[in-house]
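Novice: Compact mmCIF, C-alpha atoms and all ligand atoms, file coords.txt:
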```txt
# COMPACT_ATOMS: atom_id res chain seq x y z
CA MET U 1 39.02 135.97 79.07
CA ARG U 2 40.75 138.35 81.47
CA PHE U 3 44.23 139.77 81.12
CA ALA U 4 46.47 141.09 83.87
CA PRO U 5 46.43 144.89 84.38
CA ILE U 6 50.05 145.12 83.18
CA THR U 7 48.81 144.44 79.65
CA ASP U 8 46.56 147.50 79.90
CA ARG U 9 49.35 149.63 81.30
CA LEU U 10 51.59 148.80 78.34
CA LYS U 11 49.13 148.46 75.50
CA ASP U 12 49.26 152.00 74.12
CA LEU U 13 53.05 152.18 74.06
CA GLY U 14 53.91 150.55 70.76
CA GLY U 15 52.42 151.41 67.38
CA ASP U 16 52.12 155.12 66.74
CA LYS U 17 55.69 155.99 67.63
CA TRP U 18 56.89 153.84 64.76
CA ALA U 19 54.32 154.89 62.14
CA ILE U 20 56.76 156.94 60.02
CA HIS U 21 59.45 154.30 60.38
CA ASN U 22 57.01 151.54 59.35
CA ALA U 23 55.70 153.53 56.39
CA ALA U 24 59.30 154.11 55.25
CA ARG U 25 60.08 150.41 55.61
CA ASP U 26 57.02 149.45 53.56
CA ARG U 27 58.00 151.85 50.79
CA THR U 28 61.57 150.54 50.84
CA ALA U 29 60.22 146.99 50.54
CA ARG U 30 58.31 148.14 47.44
CA GLY U 31 61.62 149.17 45.90
CA GLU U 32 61.52 152.92 46.61
CA ALA U 33 64.72 154.72 47.60
CA ILE U 34 64.08 156.02 51.11
CA ILE U 35 66.81 157.30 53.43
CA ALA U 36 65.99 155.95 56.91
CA LEU U 37 67.36 157.98 59.83
CA THR U 38 65.07 156.27 62.29
CA VAL U 39 66.71 153.51 64.35
CA GLY U 40 70.00 153.61 66.25
CA GLU U 41 71.66 150.55 64.86
CA PRO U 42 75.45 150.81 64.36
CA ASP U 43 76.16 150.77 60.61
CA ILE U 44 79.16 148.47 60.95
CA THR U 45 79.29 144.77 61.84
CA PRO U 46 80.92 143.26 64.93
CA ASP U 47 84.61 142.46 64.69
CA PRO U 48 85.02 139.13 62.82
CA GLY U 49 87.36 137.99 65.61
CA LEU U 50 84.52 138.25 68.12
CA VAL U 51 82.14 136.37 65.85
CA ASP U 52 84.78 133.61 65.57
CA ILE U 53 85.15 133.43 69.35
CA CYS U 54 81.39 133.02 69.68
CA ALA U 55 81.18 130.37 66.96
CA ASP U 56 84.22 128.49 68.31
CA ALA U 57 82.68 128.53 71.80
CA MET U 58 79.49 127.02 70.40
CA ARG U 59 81.43 124.35 68.55
CA GLY U 60 83.48 123.72 71.68
CA GLY U 61 80.39 122.82 73.66
CA ARG U 62 79.78 126.12 75.48
CA THR U 63 76.09 125.59 74.86
CA ARG U 64 74.85 124.37 78.21
CA TYR U 65 73.03 126.17 81.03
CA SER U 66 74.85 128.98 82.75
CA ASN U 67 74.18 130.19 86.28
CA GLY U 68 72.02 133.13 87.35
CA ARG U 69 74.84 135.63 87.85
CA GLY U 70 76.80 135.04 84.66
CA GLU U 71 79.77 132.99 83.48
CA THR U 72 82.78 133.33 85.79
CA GLY U 73 85.06 134.60 83.01
CA LEU U 74 82.64 137.36 82.04
CA VAL U 75 81.91 138.37 85.64
CA THR U 76 85.67 138.61 86.26
CA ALA U 77 86.12 140.68 83.08
CA LEU U 78 83.35 143.04 84.21
CA CYS U 79 85.00 143.41 87.64
CA GLN U 80 88.25 144.30 85.88
CA THR U 81 86.48 146.76 83.57
CA TYR U 82 84.65 148.58 86.36
CA ALA U 83 87.39 148.40 89.07
CA PRO U 84 88.80 151.85 88.25
CA ARG U 85 85.34 153.30 88.80
CA MET U 86 84.28 151.09 91.66
CA PRO U 87 87.27 150.09 93.82
CA GLY U 88 86.73 146.76 95.55
CA ILE U 89 84.14 145.54 93.01
CA GLY U 90 83.64 141.76 93.15
CA PRO U 91 81.25 139.17 91.70
CA SER U 92 78.57 140.12 94.23
CA ASN U 93 78.32 143.53 92.50
CA VAL U 94 77.71 142.06 89.03
CA LEU U 95 74.80 140.41 87.22
CA CYS U 96 74.75 139.54 83.51
CA PHE U 97 71.65 140.11 81.41
CA PRO U 98 70.68 139.81 77.75
CA GLY U 99 71.22 143.50 77.01
CA THR U 100 70.81 146.82 78.79
CA GLN U 101 67.08 146.67 78.21
CA THR U 102 66.55 143.48 80.23
CA ALA U 103 68.93 144.69 82.92
CA LEU U 104 66.95 147.92 83.20
CA PHE U 105 63.66 146.03 83.29
CA ALA U 106 64.84 143.77 86.12
CA VAL U 107 66.37 146.67 88.08
CA ILE U 108 63.19 148.77 87.89
CA LEU U 109 61.18 145.68 88.85
CA ALA U 110 63.38 145.33 91.93
CA LEU U 111 63.14 149.01 92.92
CA THR U 112 59.59 150.19 92.31
CA ASP U 113 55.99 149.34 93.06
CA LYS U 114 52.55 150.72 92.30
CA GLY U 115 52.41 154.46 92.93
CA ASP U 116 56.19 155.01 92.99
CA GLY U 117 57.71 157.81 90.92
CA VAL U 118 60.70 157.43 88.60
CA LEU U 119 62.37 160.74 87.72
CA ILE U 120 63.52 160.82 84.11
CA GLY U 121 64.95 163.64 81.99
CA ASP U 122 62.38 164.38 79.29
CA PRO U 123 62.80 163.76 76.31
CA TYR U 124 63.76 160.17 77.04
CA TYR U 125 64.43 156.85 75.32
CA ALA U 126 61.24 155.32 73.93
CA THR U 127 61.16 152.17 76.11
CA TYR U 128 61.60 153.89 79.50
CA ASP U 129 57.91 154.67 79.84
CA GLY U 130 56.95 151.01 79.42
CA VAL U 131 59.64 149.75 81.78
CA VAL U 132 58.43 152.11 84.50
CA ARG U 133 54.74 151.41 83.93
CA THR U 134 55.33 147.66 84.22
CA THR U 135 55.42 147.78 88.00
CA GLY U 136 52.59 150.32 88.29
CA ALA U 137 55.11 153.10 88.91
CA HIS U 138 54.95 156.31 86.87
CA VAL U 139 57.40 158.57 85.08
CA GLN U 140 58.10 161.91 86.75
CA PRO U 141 59.44 163.96 83.84
CA VAL U 142 62.25 166.44 84.43
CA PRO U 143 62.53 168.92 81.55
CA LEU U 144 65.72 168.73 79.49
CA ARG U 145 66.19 172.14 77.91
CA MET U 146 67.72 172.79 74.54
CA GLU U 147 69.30 176.00 75.87
CA ARG U 148 71.27 173.79 78.34
CA ASP U 149 72.30 171.42 75.53
CA PHE U 150 69.70 169.07 77.00
CA VAL U 151 71.86 168.40 80.09
CA LEU U 152 69.70 167.71 83.16
CA ASP U 153 69.52 170.77 85.42
CA PRO U 154 69.79 169.77 89.11
CA ASP U 155 67.35 172.58 90.00
CA ASP U 156 64.75 171.13 87.61
CA LEU U 157 65.37 167.74 89.18
CA ARG U 158 64.86 169.14 92.67
CA ALA U 159 61.61 170.78 91.57
CA ALA U 160 60.27 167.51 90.15
CA VAL U 161 60.89 165.40 93.26
CA THR U 162 57.79 164.43 95.27
CA PRO U 163 57.32 162.08 98.24
CA GLU U 164 56.52 159.36 95.66
CA SER U 165 59.93 159.63 93.98
CA ARG U 166 62.03 156.51 94.47
CA VAL U 167 64.39 156.33 91.51
CA LEU U 168 66.29 158.73 89.29
CA LEU U 169 66.88 157.14 85.88
CA LEU U 170 69.84 158.77 84.12
CA ASN U 171 71.13 158.11 80.63
CA THR U 172 74.52 159.50 79.60
CA PRO U 173 75.44 159.88 76.74
CA HIS U 174 71.79 160.46 76.06
CA ASN U 175 69.33 159.04 73.57
CA PRO U 176 67.65 160.97 71.92
CA THR U 177 69.50 164.27 72.53
CA GLY U 178 73.24 163.40 72.52
CA ALA U 179 73.72 165.20 75.86
CA VAL U 180 76.56 164.13 78.17
CA ILE U 181 76.41 164.92 81.89
CA ASP U 182 79.59 166.69 83.06
CA ARG U 183 81.31 165.96 86.36
CA ALA U 184 80.12 169.01 88.31
CA THR U 185 76.51 168.48 87.23
CA MET U 186 76.66 164.77 88.08
CA ARG U 187 77.93 165.62 91.55
CA THR U 188 75.08 168.08 92.16
CA ILE U 189 72.51 165.65 90.74
CA GLY U 190 73.96 163.08 93.15
CA GLN U 191 73.47 165.49 96.06
CA VAL U 192 69.78 165.79 95.15
CA ALA U 193 69.54 161.98 95.11
CA ILE U 194 71.14 161.81 98.54
CA GLU U 195 68.88 164.58 99.95
CA HIS U 196 65.77 162.70 98.81
CA ASP U 197 67.10 159.17 99.32
CA LEU U 198 66.70 158.23 95.64
CA TRP U 199 68.21 155.27 93.88
CA ILE U 200 70.21 156.28 90.81
CA VAL U 201 69.92 153.96 87.82
CA CYS U 202 72.33 155.02 85.09
CA ASP U 203 71.96 153.69 81.54
CA GLU U 204 75.48 153.90 80.12
CA VAL U 205 74.98 151.96 76.91
CA TYR U 206 76.53 154.81 74.85
CA GLU U 207 79.53 155.23 77.16
CA SER U 208 82.11 154.50 74.48
CA LEU U 209 80.43 156.70 71.86
CA ILE U 210 81.38 160.08 73.26
CA PHE U 211 82.97 162.72 71.05
CA ALA U 212 83.19 165.79 73.24
CA GLY U 213 84.00 166.14 76.91
CA GLU U 214 84.59 163.21 79.25
CA PHE U 215 82.32 160.37 80.27
CA VAL U 216 81.28 160.58 83.93
CA SER U 217 79.45 157.84 85.82
CA PRO U 218 77.79 158.25 89.23
CA LEU U 219 79.57 155.01 90.13
CA GLU U 220 82.84 156.97 90.24
CA MET U 221 81.56 159.07 93.13
CA ALA U 222 82.14 157.30 96.43
CA GLU U 223 79.23 159.11 98.08
CA LEU U 224 76.80 157.76 95.43
CA ARG U 225 78.00 154.18 95.15
CA GLU U 226 75.63 152.67 97.71
CA ARG U 227 72.61 154.01 95.74
CA THR U 228 73.85 153.63 92.14
CA ILE U 229 73.12 150.83 89.69
CA VAL U 230 74.68 150.99 86.23
CA VAL U 231 73.23 149.12 83.26
CA SER U 232 75.09 148.68 79.99
CA SER U 233 76.03 146.26 77.24
CA ILE U 234 78.24 145.58 74.22
CA SER U 235 75.38 146.47 71.85
CA LYS U 236 76.72 149.87 70.84
CA SER U 237 80.39 149.65 71.91
CA HIS U 238 80.99 146.56 69.77
CA ALA U 239 78.21 146.95 67.19
CA ALA U 240 76.70 143.78 68.65
CA THR U 241 73.03 144.66 69.18
CA GLY U 242 71.74 141.24 68.13
CA PHE U 243 73.97 139.35 70.55
CA ARG U 244 71.92 140.68 73.46
CA SER U 245 74.70 140.85 76.00
CA GLY U 246 74.59 143.31 78.88
CA TRP U 247 74.88 143.64 82.64
CA ALA U 248 73.99 145.49 85.81
CA ILE U 249 76.60 146.72 88.32
CA GLY U 250 75.54 147.85 91.78
CA PRO U 251 75.83 147.53 95.54
CA ALA U 252 75.96 143.93 96.80
CA PRO U 253 72.82 144.10 99.01
CA PHE U 254 70.76 145.27 96.03
CA MET U 255 72.30 142.74 93.65
CA GLU U 256 71.44 140.02 96.18
CA ARG U 257 67.78 141.07 95.81
CA LEU U 258 68.07 141.29 92.04
CA LEU U 259 69.55 137.82 91.59
CA PRO U 260 66.34 135.83 92.25
CA ILE U 261 64.46 138.09 89.81
CA SER U 262 67.07 137.43 87.16
CA GLU U 263 67.07 133.70 87.91
CA THR U 264 63.30 133.44 87.60
CA MET U 265 63.27 135.45 84.38
CA LEU U 266 66.24 133.99 82.58
CA PHE U 267 67.62 130.89 84.26
CA GLY U 268 71.05 132.15 83.16
CA ASN U 269 72.55 133.48 79.93
CA GLN U 270 74.32 131.83 77.02
CA PRO U 271 77.93 130.75 77.74
CA PHE U 272 79.05 131.20 74.11
CA ILE U 273 77.85 134.82 74.16
CA ALA U 274 79.46 135.32 77.57
CA ASP U 275 82.80 134.13 76.11
CA MET U 276 82.50 136.56 73.23
CA THR U 277 81.57 139.41 75.60
CA GLU U 278 84.49 138.63 77.90
CA ALA U 279 86.81 138.82 74.89
CA ALA U 280 85.16 142.08 73.78
CA LEU U 281 85.74 143.67 77.18
CA LEU U 282 89.34 142.54 77.60
CA GLY U 283 90.52 142.57 73.99
CA ASP U 284 91.82 145.32 71.79
CA TYR U 285 89.06 145.85 69.24
CA ASP U 286 88.71 149.07 67.29
CA THR U 287 84.90 148.97 66.78
CA SER U 288 84.15 151.70 69.34
CA GLU U 289 86.90 153.91 67.99
CA ARG U 290 85.62 153.55 64.42
CA LEU U 291 82.03 154.23 65.47
CA ARG U 292 83.01 157.15 67.70
CA THR U 293 85.04 158.80 64.94
CA ALA U 294 82.30 158.34 62.34
CA LEU U 295 79.47 159.47 64.62
CA GLY U 296 81.37 162.55 65.82
CA ARG U 297 82.13 163.55 62.24
CA ARG U 298 78.52 163.01 61.18
CA ALA U 299 77.22 164.94 64.18
CA ARG U 300 79.28 167.95 63.06
CA LEU U 301 78.18 167.49 59.44
CA ALA U 302 74.47 167.27 60.31
CA HIS U 303 74.71 170.12 62.81
CA GLY U 304 76.47 172.30 60.23
CA ILE U 305 73.63 171.87 57.72
CA VAL U 306 70.99 172.59 60.38
CA ALA U 307 72.90 175.64 61.62
CA ALA U 308 72.91 177.02 58.07
CA THR U 309 69.13 176.62 57.78
CA PRO U 310 67.23 179.46 59.48
CA ALA U 311 64.05 177.37 59.90
CA LEU U 312 65.88 174.61 61.82
CA SER U 313 67.93 174.53 64.99
CA ALA U 314 69.83 171.89 66.95
CA CYS U 315 72.49 171.40 69.62
CA LEU U 316 75.69 169.69 68.57
CA PRO U 317 75.46 166.17 70.11
CA GLN U 318 78.28 165.33 72.54
CA GLY U 319 77.86 161.57 72.25
CA GLY U 320 75.56 158.73 71.23
CA MET U 321 74.00 158.18 67.83
CA PHE U 322 71.40 160.91 67.46
CA MET U 323 70.67 164.60 67.04
CA MET U 324 67.42 166.36 67.90
CA VAL U 325 66.29 169.09 65.50
CA ASP U 326 63.77 171.80 66.38
CA VAL U 327 61.38 172.21 63.44
CA SER U 328 58.89 174.59 65.07
CA ALA U 329 59.93 177.55 62.88
CA THR U 330 58.51 175.64 59.89
CA GLY U 331 55.04 176.00 61.39
CA LEU U 332 54.73 172.22 61.80
CA ASP U 333 55.29 169.93 64.77
CA GLY U 334 57.77 167.07 64.58
CA GLU U 335 55.19 164.51 63.52
CA ALA U 336 53.68 166.59 60.69
CA PHE U 337 57.16 167.62 59.53
CA GLY U 338 58.23 163.96 59.59
CA TRP U 339 55.34 162.89 57.37
CA ARG U 340 55.99 165.73 54.91
CA LEU U 341 59.69 164.85 54.86
CA LEU U 342 58.88 161.25 54.02
CA LYS U 343 56.28 162.17 51.40
CA GLU U 344 58.11 165.01 49.68
CA GLU U 345 61.79 164.18 50.23
CA ASN U 346 61.88 160.41 50.86
CA VAL U 347 63.66 160.79 54.20
CA ALA U 348 62.43 159.07 57.37
CA ILE U 349 63.09 160.35 60.90
CA MET U 350 61.52 159.71 64.31
CA PRO U 351 59.13 162.38 65.56
CA GLY U 352 60.10 163.84 68.93
CA SER U 353 56.70 162.80 70.30
CA ALA U 354 58.06 159.23 70.48
CA PHE U 355 60.43 160.36 73.23
CA GLY U 356 58.46 161.60 76.21
CA SER U 357 56.12 164.54 76.64
CA ARG U 358 58.22 167.59 75.75
CA ALA U 359 59.65 166.88 72.33
CA GLY U 360 56.62 167.37 70.06
CA HIS U 361 58.37 170.24 68.24
CA LEU U 362 61.50 168.17 67.63
CA ILE U 363 62.56 165.35 65.34
CA ARG U 364 65.29 162.79 66.03
CA VAL U 365 67.87 162.13 63.35
CA ALA U 366 69.94 158.92 63.58
CA LEU U 367 73.57 159.48 62.54
CA THR U 368 73.94 155.86 61.50
CA VAL U 369 74.24 156.19 57.71
CA PRO U 370 77.34 157.03 55.62
CA ASP U 371 78.34 160.70 55.52
CA ASP U 372 77.26 161.31 51.91
CA VAL U 373 73.82 159.79 52.58
CA LEU U 374 73.44 161.80 55.78
CA GLY U 375 74.47 165.00 54.00
CA ASP U 376 71.96 164.28 51.23
CA ALA U 377 69.17 163.60 53.75
CA LEU U 378 69.92 166.73 55.79
CA GLY U 379 70.06 168.76 52.59
CA ARG U 380 66.56 167.56 51.70
CA MET U 381 65.39 168.31 55.23
CA ALA U 382 66.79 171.83 54.96
CA ALA U 383 65.08 172.31 51.59
CA LEU U 384 61.68 171.26 53.00
CA ALA U 385 62.14 173.44 56.09
CA SER U 386 63.03 176.47 53.97
CA ARG U 387 60.03 175.87 51.68
CA LEU U 388 57.68 175.62 54.66
CA ALA U 389 59.16 178.70 56.32
CA ARG U 390 58.70 180.71 53.09
CA GLN U 391 55.05 179.61 52.90
CA ASN U 392 54.57 180.82 56.48
CA THR U 393 56.11 184.22 55.89
CA PRO U 394 53.43 186.82 55.12
CA GLU U 395 54.05 188.46 51.76
CA HIS U 396 54.73 192.19 51.85
CA ALA U 397 53.87 194.34 48.92
C1 LIG U 401 69.26 154.63 75.89
C2 LIG U 401 69.22 153.19 75.49
N1 LIG U 401 69.19 152.25 76.46
C3 LIG U 401 69.14 150.95 76.16
C4 LIG U 401 69.09 150.52 74.84
C5 LIG U 401 69.03 149.05 74.57
O1 LIG U 401 70.34 148.53 74.67
P1 LIG U 401 70.62 146.97 74.62
O2 LIG U 401 70.79 146.58 73.19
O3 LIG U 401 71.88 146.81 75.39
O4 LIG U 401 69.48 146.28 75.27
C6 LIG U 401 69.12 151.45 73.80
C7 LIG U 401 69.03 151.01 72.39
O5 LIG U 401 68.89 151.76 71.47
C8 LIG U 401 69.18 152.83 74.13
O6 LIG U 401 69.19 153.76 73.19
```
Just dump the structure as structure tokens.
Specialist:
Amino acid sequence: MRFAPITDRLKDLGGDKWAIHNAARDRTARGEAIIALTVGEPDITPDPGLVDICADAMRGGRTRYSNGRGETGLVTALCQTYAPRMPGIGPSNVLCFPGTQTALFAVILALTDKGDGVLIGDPYYATYDGVVRTTGAHVQPVPLRMERDFVLDPDDLRAAVTPESRVLLLNTPHNPTGAVIDRATMRTIGQVAIEHDLWIVCDEVYESLIFAGEFVSPLEMAELRERTIVVSSISKSHAATGFRSGWAIGPAPFMERLLPISETMLFGNQPFIADMTEAALLGDYDTSERLRTALGRRARLAHGIVAATPALSACLPQGGMFMMVDVSATGLDGEAFGWRLLKEENVAIMPGSAFGSRAGHLIRVALTVPDDVLGDALGRMAALASRLARQNTPEHA
């Protein structure tokens, strides 16, 4: 039997990235005490009030087909939410999706074709590669440098552009590095997009989890609005990953093209989840605030331990749920260090190699465990790094 070429393009994307995570999960299932700093799942539950709204909506019969764009109440709430950033926003600028991931998938499907280039800061979120490859497009990596706190350098972006480039995919706050793009940099990045007639797709799923500086969206910049599409969700802001509720916001002519793709994929979303999302957007829930406070505190805690360990280095994350740690001074790459950390210290992390082509010397630490557990895990990491560094140091008589 034959399969479509897309299955070949995506087939080597899964497995290996998750090998340490899977090994840790298996050992945990066998009753071993492993600290998992692998996935970015908020460590609190959604507000009970939101769960009630969802359940009540189901009981109240909000269980029928929706339309392709999204429930009117949710679309209106999204217009209200984004109006300060996008004056004049209306329903024709909004489409609801089951999560940022689906929104991103549909948007890239609508923007790229075989041979097109998608510029992405590297390291990048693990699914981006697959999303881009789906259409036969390819990632054009733009180096994110630790010495710039992993913030995209507009000059690096300019250097990476080729005639194939069609889309610039931004993510701020950034997974895996915790970088946040500041206003001046966003403006200059936008100028590059204008010069080369690029679409800007901005993944803002961590918008509310920012602990230093201000959040800046390209949507705020009038000169970029006609070429900017924002994707986001309530997954992180409301600790509601499993609800799968997100959206895309963009210029009406593009959204008009996106709508049939969404309709053929989804045939509409779930009204009871739309009701809960509408309430999440308009209501006064403290989930983001609690997460933001905890993640900021843990970022400083984890960074402090790394900074005190000569064999490790890291930038202090400005937002999001993760910190990247450079382990190269231990003599190992991120993958080998990760396996040793799991074997010798019972701590699981993601190797940097899971996030693009430039992060082989890094590991990603999720800040999604309680402070004492995180401190314990980082302490063990520091102990392993110091041991390895000592072994590498030539002995002098
Ligand atoms: C950068 C980034 N984008 C998108 C997603 C997926 O978000 P959603 O749950 O809204 O699909 C994640 C999840 O970890 C992420 O880190």
Novice: If I put a ball of radius 9 Å at (57.6, 156.8, 98.4) in the file's coordinates, which residues poke into it when counting all atoms listed in the file, written as a PyMOL selection string?
Specialist: chain U and resi 115-117+162-166
Novice: Could you take the residues named above and write them with C-alpha atoms, as an mmCIF file, in the frame of the given file?
Specialist:
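Writing done, so here's again.cif:
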```cif
data_model
loop_
_atom_site.group_PDB
_atom_site.id
_atom_site.type_symbol
_atom_site.label_atom_id
_atom_site.label_comp_id
_atom_site.auth_asym_id
_atom_site.auth_seq_id
_atom_site.Cartn_x
_atom_site.Cartn_y
_atom_site.Cartn_z
ATOM 1 C CA GLY U 115 52.410 154.460 92.930
ATOM 2 C CA ASP U 116 56.190 155.010 92.990
ATOM 3 C CA GLY U 117 57.710 157.810 90.920
ATOM 4 C CA THR U 162 57.790 164.430 95.270
ATOM 5 C CA PRO U 163 57.320 162.080 98.240
ATOM 6 C CA GLU U 164 56.520 159.360 95.660
ATOM 7 C CA SER U 165 59.930 159.630 93.980
ATOM 8 C CA ARG U 166 62.030 156.510 94.470
#
```
Novice: At a cut-off of 12 Å, using only C-alpha atoms, what residues contact segment 77-85 of chain U? Leave out same-chain residues fewer than 2 positions from it and give the result as a PyMOL selection string.
Specialist: chain U and resi 69-75+87-96+215-222+224-225+228+230-234+246-250+274-283
Novice: When distances are computed from all atoms listed in the file, which of U:Pro310, U:Gly68, U:Pro154, U:Gly319 shows the smallest separation from Ala389 of chain U?
Specialist: U:Pro310
Novice: So which one's closest to ligand LIG 401 (chain U), U:Thr76, U:Gln140, U:Thr293, U:Thr38? Using all atoms listed in the file, please.
Specialist: U:Thr38
Novice: Let me see if you get this right: every residue at most 8 Å from ligand LIG 401 (chain U), counting all atoms listed in the file, written as number ranges by chain.
Specialist: U: 39-41, 98-104, 124-125, 171, 174-176, 203-206, 232-236, 240-242, 244-246
Novice: Taking into account all atoms listed in the file, which residue in the set U:Val51, U:Ala377, U:Val161, U:Ala329 is nearest to Gln391 of chain U?
Specialist: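 That would be U:Ala329, the residue with the smallest distance to Gln391 of chain U.
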Novice: So how many Å separate atom CA of Lys11 of chain U and atom CA of Leu152 of chain U, to one decimal?
Specialist: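 Between atom CA of Lys11 of chain U and atom CA of Leu152 of chain U the gap works out to 29.2 Å.
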Novice: To one decimal place, how far is atom CA of Glu207 of chain U from atom CA of Asp56 of chain U in Å?
Specialist: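 Atom CA of Asp56 of chain U lies 28.6 Å from atom CA of Glu207 of chain U.
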Novice: I'd like the neighbourhood of Ile363 of chain U as a list in words, where a residue qualifies if any of its atoms comes within 10 Å (using only C-alpha atoms), though same-chain residues fewer than 2 positions away should be ignored.
Specialist: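 Surrounding residues, per the criterion: Thr38, Pro176, Ala314, Met323, Met324, Val325, Asp326, Val327, Ser328, Asp333, Gly334, Glu335, Phe337, Gly338, Ile349, Met350, Pro351, Gly352, Ser353, Ala354, Phe355, Ala359, Gly360, His361, Val365 and Ala366 of chain U.
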Novice: With distances taken over all atoms listed in the file, which residue among U:Thr7, U:Ser357, U:Ser313, U:Gln318 lies nearest Arg300 of chain U?
Specialist: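 Looking at the shortest contact to Arg300 of chain U, the residue is U:Gln318.
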Novice: Could you give me segment 150-170 of chain U completed to N, CA and C atoms, formatted as a compact mmCIF listing (two decimals), in the frame of the given file?
Specialist:
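Output file out-v2.txt is given in full below:
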```
# COMPACT_ATOMS: atom_id res chain seq x y z
N PHE U 150 70.47 170.21 76.53
CA PHE U 150 69.70 169.07 77.00
C PHE U 150 70.32 168.35 78.21
N VAL U 151 71.27 169.00 78.88
CA VAL U 151 71.86 168.40 80.09
C VAL U 151 70.90 168.65 81.27
N LEU U 152 70.62 167.61 82.03
CA LEU U 152 69.70 167.71 83.16
C LEU U 152 70.15 168.81 84.13
N ASP U 153 69.23 169.69 84.48
CA ASP U 153 69.52 170.77 85.42
C ASP U 153 69.14 170.31 86.83
N PRO U 154 70.10 170.26 87.75
CA PRO U 154 69.79 169.77 89.11
C PRO U 154 68.64 170.54 89.76
N ASP U 155 68.47 171.82 89.42
CA ASP U 155 67.35 172.58 90.00
C ASP U 155 66.01 172.06 89.46
N ASP U 156 65.98 171.73 88.16
CA ASP U 156 64.75 171.13 87.61
C ASP U 156 64.46 169.78 88.26
N LEU U 157 65.54 169.04 88.52
CA LEU U 157 65.37 167.74 89.18
C LEU U 157 64.76 167.94 90.57
N ARG U 158 65.34 168.87 91.31
CA ARG U 158 64.86 169.14 92.67
C ARG U 158 63.38 169.50 92.64
N ALA U 159 63.00 170.31 91.65
CA ALA U 159 61.61 170.78 91.57
C ALA U 159 60.64 169.64 91.22
N ALA U 160 61.15 168.61 90.59
CA ALA U 160 60.27 167.51 90.15
C ALA U 160 60.10 166.43 91.21
N VAL U 161 60.95 166.44 92.24
CA VAL U 161 60.89 165.40 93.26
C VAL U 161 59.61 165.55 94.09
N THR U 162 58.95 164.45 94.37
CA THR U 162 57.79 164.43 95.27
C THR U 162 58.01 163.30 96.28
N PRO U 163 57.15 163.20 97.29
CA PRO U 163 57.32 162.08 98.24
C PRO U 163 57.22 160.70 97.56
N GLU U 164 56.63 160.65 96.36
CA GLU U 164 56.52 159.36 95.66
C GLU U 164 57.82 158.94 94.97
N SER U 165 58.72 159.90 94.78
CA SER U 165 59.93 159.63 93.98
C SER U 165 60.80 158.59 94.67
N ARG U 166 61.18 157.57 93.89
CA ARG U 166 62.03 156.51 94.47
C ARG U 166 63.33 156.36 93.68
N VAL U 167 63.25 156.62 92.39
CA VAL U 167 64.39 156.33 91.51
C VAL U 167 64.63 157.51 90.59
N LEU U 168 65.90 157.79 90.34
CA LEU U 168 66.29 158.73 89.29
C LEU U 168 66.94 157.90 88.19
N LEU U 169 66.33 157.91 87.00
CA LEU U 169 66.88 157.14 85.88
C LEU U 169 67.65 158.10 84.98
N LEU U 170 68.98 157.93 84.96
CA LEU U 170 69.84 158.77 84.12
C LEU U 170 70.26 158.00 82.88
```
